[in-house]
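Everything on this sheet refers to the single structure shown next.
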Amino acid sequence: MSTLLEVSGVSVSFDGFKAINNLSFQIADAELRAVIGPNGAGKTTFMDIVTGKTRPDEGRVIWGERSVSLLRMNEAQIAREGIGRKFQKPTVFENQTVRENFLMALKKDRGVLSVLLFRPSKADHEQVDALAEQVGMLAELDRLAGELSHGQKQWLEIGMLLAQEPRLLLVDEPAAGMTPEEREHTSELLVQAAKTRAVVVVEHDMEFVRRLGCKVTVLHEGAVLAEGSLDHVTSNSDVIDVYLGR
Amino acid sequence: MRTSFIAKKPSVLVFLLALAAFTIAVTILSEGFGIGVISTSFIKTLGKTLCLCLIAVAMDLVWGFTGILSLGHFAFFGLGGYMIGMWLMYERTRLIVSEALMQGQIPPTDAEVIEGIGNQIFGVVGSSEFPIVWAFADSLGLQLLLVVLVPGILALIFGWLAFRSRVTGVYLSILTQAMTLALALYLFQNDSGLRGNNGLSGLQNLPGVETPQSIVSMWFFLASALALALGYTLAAWIVSGKFGSVIRGIRDNETRVRFLGYSVEGFKLAVFTFTACIAAIAGALYYPQAGIINPAEVVPIASIYLAVWVAIGGRGRLYGAVIGAGFVSLISTWFTGGQAPDINLGFYTIKWVDWWLVLLGLSFVAVTLFAPKGIGGLFDRLKKEGGA
Amino acid sequence: MIRILIACLALMCWGQAGLALDLTLQEILQQNKKLVEKPSRKTIGPVIEEIAASNLSQVQGFLEAWGNKQVWQRRSDGLFFFGTAVAKRQYELTDPDSGESVGEFTKKDLKQLKPNSGVRALIATALVQFQLSDLDPVKRAEALQAMERAPTAKHLAPLRLSIENELDADLKARKSRLERLLTISFDPDTATRVAAIQSFEGDLGVDVRATLNPLVVTSVNITSGDLPTDENIARVIKPGSEDLSVPAAYDLLVASKLAPPATSAEDIRAALVAHIDGGQVAKISVAQLSDPEIRRQAYDRLAEQSLVPAFIDEEDIAKKLLGYTVYETFAETSVAVTDAAQAALSKIDLNVGMNQTLDLTLDAISLASIYFLAAIGLAITFGVMGVINMAHGEFIMMGAYTGYVVQQVIPNHTVSILVALPLAFAVTFAAGVVMERLVIRYLYNRPLETLLATFGISIALQQLAKNIFGTQARPLTAPGWLDGAWVMNDVVSISFIRIAIFILALIFLGMFLFIMKRTRLGLETRTVTQNPRMAASMGINPDRVNMLTFGLGSGIAGVAGVAIGLFAKVTSEMGNDYIVQSFMTVVVGGVGNIWGALAGATMIGFLQKGIEWGYPSNTLAAQTYMIIFIIIFIQFKPRGIIALKGRAAGD
């Protein structure tokens, strides 16, 4: 397994508060990884840095076989490199149909002119149908995304991420606000997705993490506290201290 | 699956048919081409209104669809007017000056003609030198190109600066307003090279064309109708596809679009510049019908009125913009033209010339509060009720 | 050196006075009877001089009486007397020499001397030397002022005499300053003048520059030979250089009749028109003459026939100019004096420049405080609450009109301003609260809609004001004690109104900080802005807080309106002038921070003054460039000068 993303020695501070402190992190191709940690541990900021939303004060973020630095790219360029991100709050385009949402996400030339001249082909529509089926939304294709339930929006967003065909998926609390059945479906989707690409899931819910059955990284005060299987890290005394307080 | 976009969007066809019917009706009723029920001055008003509808379509693209509340599109409109006005004024003055100089005992040299034109045009600002911005004023072709190029390049530079630094929302609106103010103040100067607050005048006369105004006004009316039809169709085509999806996505959630891998700045810049060019073309058709252009036309308030029209008509739907611009600008003309009857309350007489703006301002507040989708939103409601 | 000179002069004066000692005033007058009876500005000079030179003690009184039309002539013997009215058409006459009354006369026996204004001016000039030593310091000051206004060579000697005995320190300083200025202009001795010039080095007075500048005035001359040695030559100018274009140099030759005038296109045309012969000029058809080349050919043919002067082209001009030297000559003949004057002027210029910078800085600070005043209300509503209020400018206007209405009711300007300030606050506070309740609260978190709705309100308010107050500008007069300016020297001054506005801005800053940091309202406002739900759950009523905060911002705009109305015209459209600048101030400074508004106002104020200084004649251009600069500035500091950092700043 080759390393897909390597974050090393990254620090960032807001008004003197160190959100990320000398963080190092690696993930390989086709790996599923859960990131847990208490509030303010720097989970979201970590994602912000990888996706280009926040510029770190120091450190390196290296991507792919050609080892390009992501720090010199903007969000859109990073996304085109193959990093997809799902936000904590489901963000789909509510004034557009599910189909339009999918079509927008399909991996195609993102240039202004080619988007202007783009008209979906039969193959494109078939791909959309396949994706919709995968996330269980085939029946909803021509509804407005705003009319969907919370869980459906989450799936739509995951579906859109898959449509982007990214090599790395960053998923922020996908199970928040879901019913137990929906959670199960979501975890299956993620496990499935991780077979062909790297997936990083940030989650609070231990049960959900356990269901993913993958390597876990614990963040605390902007740095990695522990790494390993869920059972391994939950038996780590530092982790117990952080979670339960001293 | 692949269907033509007109078939997908029947509203475009409806609009085009309505516009055609309107144009034909006006032509039949006109003085120039028809039975003379509609006066030439009202033909000009209608032609101007069509131009305003066209810039409203542009405004709707940039604001209603992309979410950029630009308070600068009337500046592009005015610039377009200035560019065509320069040629109209130069060429007409050249004909007059040449003719006058030909009456002299020996025929004039080119230098003498140019000096004469300079004196005629720039005498009011105490100069006779041709400023550099008039370098192409003698060529209709180049000046027509400048109608699109000057506002386009200005929009490109401004948009590039504003979008790359991620100025959004009200900040962007204020910035566009500042740009408009800067342009207006610049044009107000006597040494701007565009005759300061005198502006350019006599634009209703086509140089070398002896046809009466009743006919010329119809030419412009028809041209404006054609431009509106083309502009509307083009805009509808643009928003119907994936491009439309992306810009509406930018309007609703810019960050999400960015994380989908689209260069938000590029799309915004494209829409901003394209609509600036449409606005400029609308202006280039408008001012020959108005006859005069001066910097007061460009001040920020004009652009804000444009936003008002689109909001009242209903943004995010192209026909809404057209209805808003047509309805509000015609009704404004009616009220401020002194044609509306005053209302005598016994103790006070309401003069509409004085009170129209108060009414407009307040109705604008009312629209924002109670009908955020504007007049166009009423159609939706009717449609829903009809369907249910 | 100077002292010796003054002593000599004093002796001379005394000597002159001695010559006339033997005549009384009446005798002098009688000798010049004709001229005194019908004086004219051209002829009376010598008489006045003679009277003044008599050095009689009664001269001053007589000249004053003469100037005030109090001298009468008795018709019976032609003698002159002072006349005082004792009853209707009845005058008591007094002898000008002895001061004794000679009895009362009716008007028909007398003739009043009525010198015209020209003559009175001459009398006043002559009086100066007496008044300089008058016992009354007011009169001495007046005399000095008269001399400062119109200095002449004749003043120098009496002025020098009067300095020594001057008791008033102020007047003495003024006299000595004037004496040095007069010395520069009129003293015959070069060394004395140079010394006087050097004594003024770096002085900022306008009077000094007015005295020195004429010394370095030059005239342009042209010569074919060597430079003359008897003239004070400033410099030699090369034609075609920056200071003198070739045509201008040639014009000098033409003016001195050293060369024929250059042939202009106009000349050619006139010549051709004059020689049209049967549709042809010199055998060239008129129709061809629209080509300048052919015109030239025709002209040359005319010249060959000696019908017109030969064409003179640039080559001829250049050749001709080679034989001449152009130079500038000082009107002042003494090299030492012009050198000293130039040296002194350059030092003065440097000093003036420094002081102008100071003056500009003061101007900029005052402009900045105006912007700050206009923007501070916005810093609350926009900066703190995030509500964009396009009607902010109209609140400023409302405040200004409140001030105007109050002045109509209360005529005393001081009282009316003191009433207007709180009243304007109350009026606009109420307007702000009403607007918040009726419109804005439904639009929180929809900034673009807020922008448009408040813009609608702005249109309506503007038109409403126009309907009520009309389109013409209404004055808002500042109280008398705010008139005038604090003058530091002839270059640096700042009007009291601007100082008052600066102080007002400081008070507002203090008030804002106090309200936000020290009061319950401020605490609640900050709480509600940061997290309205949390605030509500802690028992704070966000509705009430939003209403009051918005009212506060609007109220401050009203007070600013009164202040702005004091120096700008109050019109229904005055809000437009401030709204964009105010937003710029807040945005440039950094939203959500009062120090940001202060920094923004300071930057914009200094910038505008700086650009205005660069383009002195064109304030429109200054504003244009300023806005362009701001647009570019925002590229580099999108969040303003004082930016909130980190996640709190939000997106």
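As shown in the structure tokens, the chain order sets the letters A, B, ...; within each chain, residues go from 1, and ligands are also counted from 1 in the order they appear.
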
Contact table chain C vs chain B, cut-off 9 Å, shortest pair per residue, only C-alpha atoms, as a Markdown table:
```
| residue | atom | partner | partner_atom | distance |
| --- | --- | --- | --- | --- |
| C:Arg269 | CA | B:Ile106 | CA | 8.1 |
| C:Leu272 | CA | B:Ile106 | CA | 8.1 |
| C:Val273 | CA | B:Gln105 | CA | 6.4 |
| C:Ile276 | CA | B:Gln105 | CA | 8.3 |
| C:Val286 | CA | B:Ile106 | CA | 5.8 |
| C:Ala287 | CA | B:Pro107 | CA | 6.3 |
| C:Gln288 | CA | B:Pro107 | CA | 7.7 |
| C:Leu289 | CA | B:Pro107 | CA | 5.9 |
| C:Ser290 | CA | B:Thr109 | CA | 4.3 |
| C:Asp291 | CA | B:Thr109 | CA | 5.7 |
| C:Pro292 | CA | B:Thr109 | CA | 6.2 |
| C:Ile388 | CA | B:Val170 | CA | 7.7 |
| C:Val439 | CA | B:Leu369 | CA | 7.3 |
| C:Tyr442 | CA | B:Leu369 | CA | 7.3 |
| C:Leu443 | CA | B:Leu369 | CA | 7.8 |
| C:Pro447 | CA | B:Val170 | CA | 6.6 |
| C:Leu448 | CA | B:Val170 | CA | 6.2 |
| C:Glu449 | CA | B:Thr368 | CA | 6.5 |
| C:Thr450 | CA | B:Thr368 | CA | 8.3 |
| C:Leu451 | CA | B:Val170 | CA | 7.6 |
| C:Leu452 | CA | B:Val308 | CA | 7.3 |
| C:Ala453 | CA | B:Val365 | CA | 4.6 |
| C:Thr454 | CA | B:Val365 | CA | 7.3 |
| C:Phe455 | CA | B:Gly361 | CA | 7.6 |
| C:Gly456 | CA | B:Gly361 | CA | 3.9 |
| C:Ile457 | CA | B:Gly361 | CA | 5.6 |
| C:Ser458 | CA | B:Gly361 | CA | 7.3 |
| C:Ile459 | CA | B:Gly361 | CA | 5.3 |
| C:Ala460 | CA | B:Val358 | CA | 3.9 |
| C:Leu461 | CA | B:Val358 | CA | 7.1 |
| C:Gln462 | CA | B:Val358 | CA | 8.1 |
| C:Gln463 | CA | B:Val358 | CA | 5.9 |
| C:Leu464 | CA | B:Val358 | CA | 6.5 |
| C:Lys466 | CA | B:Asp354 | CA | 8.2 |
| C:Asn467 | CA | B:Asp354 | CA | 6.4 |
| C:Val580 | CA | B:Ala178 | CA | 6.6 |
| C:Gln581 | CA | B:Ala178 | CA | 8.5 |
| C:Phe583 | CA | B:Ile174 | CA | 7.3 |
| C:Met584 | CA | B:Ile174 | CA | 7.9 |
| C:Val587 | CA | B:Tyr171 | CA | 7.6 |
| C:Asn618 | CA | B:Gln189 | CA | 8.0 |
| C:Leu620 | CA | B:Leu185 | CA | 5.7 |
| C:Ala621 | CA | B:Tyr186 | CA | 6.2 |
| C:Gln623 | CA | B:Ala182 | CA | 7.1 |
| C:Thr624 | CA | B:Ala182 | CA | 4.5 |
| C:Tyr625 | CA | B:Ala182 | CA | 7.5 |
| C:Met626 | CA | B:Ala182 | CA | 8.4 |
| C:Ile627 | CA | B:Ala182 | CA | 6.0 |
| C:Ile628 | CA | B:Ala182 | CA | 7.0 |
| C:Ile630 | CA | B:Ala178 | CA | 8.9 |
| C:Ile631 | CA | B:Leu175 | CA | 6.9 |
| C:Ile632 | CA | B:Leu161 | CA | 7.4 |
| C:Ile634 | CA | B:Ser165 | CA | 7.8 |
| C:Gln635 | CA | B:Ser165 | CA | 5.4 |
| C:Phe636 | CA | B:Ser165 | CA | 7.6 |
| C:Lys637 | CA | B:Ser165 | CA | 8.6 |
| C:Pro638 | CA | B:Ser165 | CA | 6.5 |
```

task: Write down as a ChimeraX atom specification the residues of range 23-97 of chain A whose backbone DSSP state falls under alpha helix (DSSP H).
output: /A:43-51,75-81

Output N, CA, C and O atoms for every residue in that selection, as an mmCIF file, in the first residue's frame.
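This is the output file part_38.cif:
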```cif
data_model
loop_
_atom_site.group_PDB
_atom_site.id
_atom_site.type_symbol
_atom_site.label_atom_id
_atom_site.label_comp_id
_atom_site.auth_asym_id
_atom_site.auth_seq_id
_atom_site.Cartn_x
_atom_site.Cartn_y
_atom_site.Cartn_z
ATOM 1 N N LYS A 43 -10.311 18.372 14.669
ATOM 2 C CA LYS A 43 -10.718 17.464 13.591
ATOM 3 C C LYS A 43 -11.145 18.239 12.343
ATOM 4 O O LYS A 43 -10.692 17.963 11.226
ATOM 5 N N THR A 44 -12.026 19.218 12.571
ATOM 6 C CA THR A 44 -12.523 19.974 11.420
ATOM 7 C C THR A 44 -11.415 20.842 10.809
ATOM 8 O O THR A 44 -11.307 20.957 9.584
ATOM 9 N N THR A 45 -10.583 21.418 11.679
ATOM 10 C CA THR A 45 -9.493 22.243 11.170
ATOM 11 C C THR A 45 -8.535 21.403 10.326
ATOM 12 O O THR A 45 -8.022 21.857 9.291
ATOM 13 N N PHE A 46 -8.340 20.151 10.752
ATOM 14 C CA PHE A 46 -7.497 19.234 9.989
ATOM 15 C C PHE A 46 -8.050 19.067 8.569
ATOM 16 O O PHE A 46 -7.320 19.157 7.577
ATOM 17 N N MET A 47 -9.367 18.884 8.482
ATOM 18 C CA MET A 47 -9.986 18.743 7.162
ATOM 19 C C MET A 47 -9.870 20.042 6.373
ATOM 20 O O MET A 47 -9.642 20.022 5.155
ATOM 21 N N ASP A 48 -10.051 21.144 7.084
ATOM 22 C CA ASP A 48 -9.928 22.450 6.419
ATOM 23 C C ASP A 48 -8.553 22.598 5.778
ATOM 24 O O ASP A 48 -8.422 23.125 4.674
ATOM 25 N N ILE A 49 -7.534 22.112 6.479
ATOM 26 C CA ILE A 49 -6.178 22.264 5.946
ATOM 27 C C ILE A 49 -5.978 21.387 4.720
ATOM 28 O O ILE A 49 -5.459 21.830 3.697
ATOM 29 N N VAL A 50 -6.456 20.156 4.796
ATOM 30 C CA VAL A 50 -6.252 19.249 3.661
ATOM 31 C C VAL A 50 -6.992 19.753 2.430
ATOM 32 O O VAL A 50 -6.493 19.683 1.312
ATOM 33 N N THR A 51 -8.192 20.311 2.656
ATOM 34 C CA THR A 51 -8.979 20.726 1.495
ATOM 35 C C THR A 51 -8.687 22.156 1.060
ATOM 36 O O THR A 51 -9.311 22.660 0.139
ATOM 37 N N GLU A 75 -9.098 25.547 -3.093
ATOM 38 C CA GLU A 75 -10.047 24.470 -2.802
ATOM 39 C C GLU A 75 -10.442 23.717 -4.061
ATOM 40 O O GLU A 75 -10.496 22.476 -4.070
ATOM 41 N N ALA A 76 -10.752 24.496 -5.116
ATOM 42 C CA ALA A 76 -11.252 23.863 -6.329
ATOM 43 C C ALA A 76 -10.184 22.979 -6.948
ATOM 44 O O ALA A 76 -10.467 21.865 -7.407
ATOM 45 N N GLN A 77 -8.940 23.441 -6.943
ATOM 46 C CA GLN A 77 -7.856 22.655 -7.530
ATOM 47 C C GLN A 77 -7.651 21.367 -6.733
ATOM 48 O O GLN A 77 -7.440 20.287 -7.316
ATOM 49 N N ILE A 78 -7.718 21.489 -5.414
ATOM 50 C CA ILE A 78 -7.542 20.304 -4.578
ATOM 51 C C ILE A 78 -8.662 19.305 -4.851
ATOM 52 O O ILE A 78 -8.427 18.101 -4.981
ATOM 53 N N ALA A 79 -9.882 19.840 -4.991
ATOM 54 C CA ALA A 79 -11.006 18.955 -5.282
ATOM 55 C C ALA A 79 -10.785 18.243 -6.613
ATOM 56 O O ALA A 79 -11.072 17.060 -6.745
ATOM 57 N N ARG A 80 -10.243 18.976 -7.595
ATOM 58 C CA ARG A 80 -10.009 18.345 -8.894
ATOM 59 C C ARG A 80 -8.870 17.332 -8.834
ATOM 60 O O ARG A 80 -8.807 16.409 -9.628
ATOM 61 N N GLU A 81 -7.964 17.483 -7.862
ATOM 62 C CA GLU A 81 -6.899 16.502 -7.676
ATOM 63 C C GLU A 81 -7.473 15.169 -7.223
ATOM 64 O O GLU A 81 -6.804 14.136 -7.294
#
```

- request: Find the spatial neighbours of Ala310 in chain C, counting only C-alpha atoms, within a cut-off of 9 Å - ignore same-chain residues fewer than 3 positions away - and output them as a ChimeraX atom specification.
  value: /C:263,299-300,302-304,306

Find the residues near range 14-31 of chain A: any atom within 6 Å, counting only C-alpha atoms, skip ones fewer than 2 places away on the same chain, and give them as an mmCIF file with all heavy atoms, in the first residue's frame.
```cif
data_model
loop_
_atom_site.group_PDB
_atom_site.id
_atom_site.type_symbol
_atom_site.label_atom_id
_atom_site.label_comp_id
_atom_site.auth_asym_id
_atom_site.auth_seq_id
_atom_site.Cartn_x
_atom_site.Cartn_y
_atom_site.Cartn_z
ATOM 1 N N SER A 2 0.652 2.093 -0.981
ATOM 2 C CA SER A 2 1.458 3.309 -1.036
ATOM 3 C C SER A 2 0.721 4.449 -0.338
ATOM 4 O O SER A 2 -0.509 4.444 -0.233
ATOM 5 C CB SER A 2 1.712 3.693 -2.501
ATOM 6 O OG SER A 2 0.480 3.988 -3.102
ATOM 7 N N THR A 3 1.501 5.405 0.151
ATOM 8 C CA THR A 3 0.899 6.523 0.866
ATOM 9 C C THR A 3 0.229 7.460 -0.129
ATOM 10 O O THR A 3 0.814 7.857 -1.128
ATOM 11 C CB THR A 3 1.980 7.303 1.635
ATOM 12 O OG1 THR A 3 2.655 6.373 2.472
ATOM 13 C CG2 THR A 3 1.365 8.395 2.468
ATOM 14 N N LEU A 4 -1.040 7.804 0.187
ATOM 15 C CA LEU A 4 -1.770 8.706 -0.695
ATOM 16 C C LEU A 4 -1.643 10.150 -0.217
ATOM 17 O O LEU A 4 -1.377 11.062 -0.994
ATOM 18 C CB LEU A 4 -3.246 8.296 -0.728
ATOM 19 C CG LEU A 4 -4.142 9.116 -1.633
ATOM 20 C CD1 LEU A 4 -3.734 8.945 -3.092
ATOM 21 C CD2 LEU A 4 -5.602 8.686 -1.451
ATOM 22 N N LEU A 5 -1.837 10.325 1.085
ATOM 23 C CA LEU A 5 -1.767 11.673 1.649
ATOM 24 C C LEU A 5 -0.821 11.646 2.840
ATOM 25 O O LEU A 5 -0.911 10.758 3.692
ATOM 26 C CB LEU A 5 -3.156 12.126 2.118
ATOM 27 C CG LEU A 5 -3.202 13.472 2.845
ATOM 28 C CD1 LEU A 5 -3.051 14.611 1.858
ATOM 29 C CD2 LEU A 5 -4.486 13.624 3.645
ATOM 30 N N GLU A 6 0.075 12.597 2.863
ATOM 31 C CA GLU A 6 0.972 12.682 4.010
ATOM 32 C C GLU A 6 0.960 14.095 4.565
ATOM 33 O O GLU A 6 1.297 15.051 3.866
ATOM 34 C CB GLU A 6 2.403 12.300 3.612
ATOM 35 C CG GLU A 6 3.314 12.295 4.818
ATOM 36 C CD GLU A 6 4.770 12.038 4.450
ATOM 37 O OE1 GLU A 6 5.030 11.631 3.303
ATOM 38 O OE2 GLU A 6 5.623 12.259 5.309
ATOM 39 N N VAL A 7 0.529 14.209 5.802
ATOM 40 C CA VAL A 7 0.524 15.506 6.488
ATOM 41 C C VAL A 7 1.634 15.434 7.517
ATOM 42 O O VAL A 7 1.667 14.498 8.313
ATOM 43 C CB VAL A 7 -0.834 15.736 7.194
ATOM 44 C CG1 VAL A 7 -0.796 17.008 8.029
ATOM 45 C CG2 VAL A 7 -1.963 15.795 6.180
ATOM 46 N N SER A 8 2.569 16.386 7.475
ATOM 47 C CA SER A 8 3.640 16.282 8.471
ATOM 48 C C SER A 8 3.995 17.632 9.076
ATOM 49 O O SER A 8 4.125 18.632 8.375
ATOM 50 C CB SER A 8 4.886 15.649 7.837
ATOM 51 O OG SER A 8 5.270 16.389 6.717
ATOM 52 N N GLY A 9 4.063 17.619 10.391
ATOM 53 C CA GLY A 9 4.513 18.795 11.149
ATOM 54 C C GLY A 9 3.657 20.032 10.949
ATOM 55 O O GLY A 9 4.161 21.146 10.967
ATOM 56 N N VAL A 10 2.357 19.826 10.765
ATOM 57 C CA VAL A 10 1.500 20.981 10.487
ATOM 58 C C VAL A 10 1.038 21.640 11.776
ATOM 59 O O VAL A 10 0.630 20.979 12.719
ATOM 60 C CB VAL A 10 0.281 20.546 9.649
ATOM 61 C CG1 VAL A 10 -0.768 21.636 9.621
ATOM 62 C CG2 VAL A 10 0.719 20.201 8.239
ATOM 63 N N SER A 11 1.134 22.984 11.798
ATOM 64 C CA SER A 11 0.614 23.746 12.933
ATOM 65 C C SER A 11 -0.197 24.919 12.389
ATOM 66 O O SER A 11 0.129 25.491 11.352
ATOM 67 C CB SER A 11 1.746 24.308 13.802
ATOM 68 O OG SER A 11 2.463 23.249 14.382
ATOM 69 N N VAL A 12 -1.235 25.276 13.101
ATOM 70 C CA VAL A 12 -1.981 26.474 12.748
ATOM 71 C C VAL A 12 -2.576 27.046 14.024
ATOM 72 O O VAL A 12 -2.951 26.311 14.936
ATOM 73 C CB VAL A 12 -3.083 26.178 11.707
ATOM 74 C CG1 VAL A 12 -4.157 25.269 12.270
ATOM 75 C CG2 VAL A 12 -3.713 27.450 11.194
ATOM 76 N N GLY A 42 -9.410 19.570 16.942
ATOM 77 C CA GLY A 42 -8.817 19.999 15.678
ATOM 78 C C GLY A 42 -9.224 19.136 14.503
ATOM 79 O O GLY A 42 -8.583 19.189 13.458
ATOM 80 N N ALA A 194 -14.737 2.555 0.547
ATOM 81 C CA ALA A 194 -13.327 2.450 0.918
ATOM 82 C C ALA A 194 -12.633 1.297 0.215
ATOM 83 O O ALA A 194 -11.426 1.128 0.339
ATOM 84 C CB ALA A 194 -13.207 2.305 2.438
ATOM 85 N N LYS A 195 -13.371 0.470 -0.508
ATOM 86 C CA LYS A 195 -12.723 -0.628 -1.208
ATOM 87 C C LYS A 195 -11.893 -0.154 -2.383
ATOM 88 O O LYS A 195 -10.927 -0.767 -2.785
ATOM 89 C CB LYS A 195 -13.791 -1.628 -1.683
ATOM 90 C CG LYS A 195 -14.357 -2.415 -0.509
ATOM 91 C CD LYS A 195 -15.276 -3.516 -0.980
ATOM 92 C CE LYS A 195 -15.723 -4.309 0.240
ATOM 93 N NZ LYS A 195 -17.044 -4.887 0.014
ATOM 94 N N THR A 196 -12.321 0.970 -2.951
ATOM 95 C CA THR A 196 -11.609 1.465 -4.128
ATOM 96 C C THR A 196 -10.879 2.768 -3.866
ATOM 97 O O THR A 196 -10.221 3.308 -4.738
ATOM 98 C CB THR A 196 -12.598 1.689 -5.287
ATOM 99 O OG1 THR A 196 -13.711 2.434 -4.792
ATOM 100 C CG2 THR A 196 -13.087 0.370 -5.845
ATOM 101 N N ARG A 197 -11.035 3.356 -2.713
ATOM 102 C CA ARG A 197 -10.391 4.656 -2.452
ATOM 103 C C ARG A 197 -10.158 4.834 -0.963
ATOM 104 O O ARG A 197 -10.668 4.047 -0.165
ATOM 105 C CB ARG A 197 -11.269 5.780 -2.962
ATOM 106 C CG ARG A 197 -12.678 5.732 -2.395
ATOM 107 C CD ARG A 197 -13.515 6.873 -2.867
ATOM 108 N NE ARG A 197 -13.766 6.835 -4.298
ATOM 109 C CZ ARG A 197 -14.706 6.107 -4.891
ATOM 110 N NH1 ARG A 197 -15.478 5.337 -4.176
ATOM 111 N NH2 ARG A 197 -14.883 6.147 -6.174
ATOM 112 N N ALA A 198 -9.396 5.841 -0.614
ATOM 113 C CA ALA A 198 -9.159 6.131 0.797
ATOM 114 C C ALA A 198 -10.333 6.927 1.347
ATOM 115 O O ALA A 198 -10.855 7.820 0.679
ATOM 116 C CB ALA A 198 -7.873 6.936 0.962
ATOM 117 N N GLY A 222 -5.028 19.222 18.943
ATOM 118 C CA GLY A 222 -4.366 19.474 17.676
ATOM 119 C C GLY A 222 -3.240 18.521 17.337
ATOM 120 O O GLY A 222 -2.475 18.792 16.419
ATOM 121 N N ALA A 223 -3.101 17.426 18.061
ATOM 122 C CA ALA A 223 -2.037 16.466 17.744
ATOM 123 C C ALA A 223 -2.581 15.042 17.888
ATOM 124 O O ALA A 223 -3.617 14.827 18.507
ATOM 125 C CB ALA A 223 -0.845 16.680 18.679
ATOM 126 N N GLY C 646 -9.090 34.381 12.511
ATOM 127 C CA GLY C 646 -9.504 33.043 12.869
ATOM 128 C C GLY C 646 -10.940 32.744 12.512
ATOM 129 O O GLY C 646 -11.553 33.387 11.689
#
```

field: Within 10 Å of chain A: residues of chain B, using only C-alpha atoms, as a ChimeraX atom specification
entry: /B:1-3,237-246,248-253,255-271

Non-local contacts of Pro131 in chain B (12 Å; only C-alpha atoms; under 2 positions in same chain excluded) as a PyMOL selection string: chain B and resi 86+118+121-122+125+127-129+133-137+190-195

message: What's around range 182-191 of chain A at 9 Å? Count only C-alpha atoms, leave out sequence neighbours fewer than 5 positions away in its own chain, and write the answer as number ranges by chain.
response: A: 32, 134-135, 151-152, 154-155, 158, 174-176, 199, 201, 208-209, 211-213

message: So that I can see what lies close to Ile48 in chain C, please list as number ranges by chain the residues with an atom at most 9 Å from it, counting only C-alpha atoms and leaving out residues fewer than 3 positions away in the same chain.
response: C: 44-45, 51-53, 63, 122-123, 126

field: Computed interatomic separation between CA of Glu207 in chain A and CA of Glu165 in chain A (Å)
entry: 27.8 Å

field: Coordinates-based distance that separates CA of Gly589 in chain C from CA of Gly605 in chain C (Å, one decimal)
entry: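 If I compute the distance from CA of Gly605 in chain C to CA of Gly589 in chain C, I get 12.2 Å.
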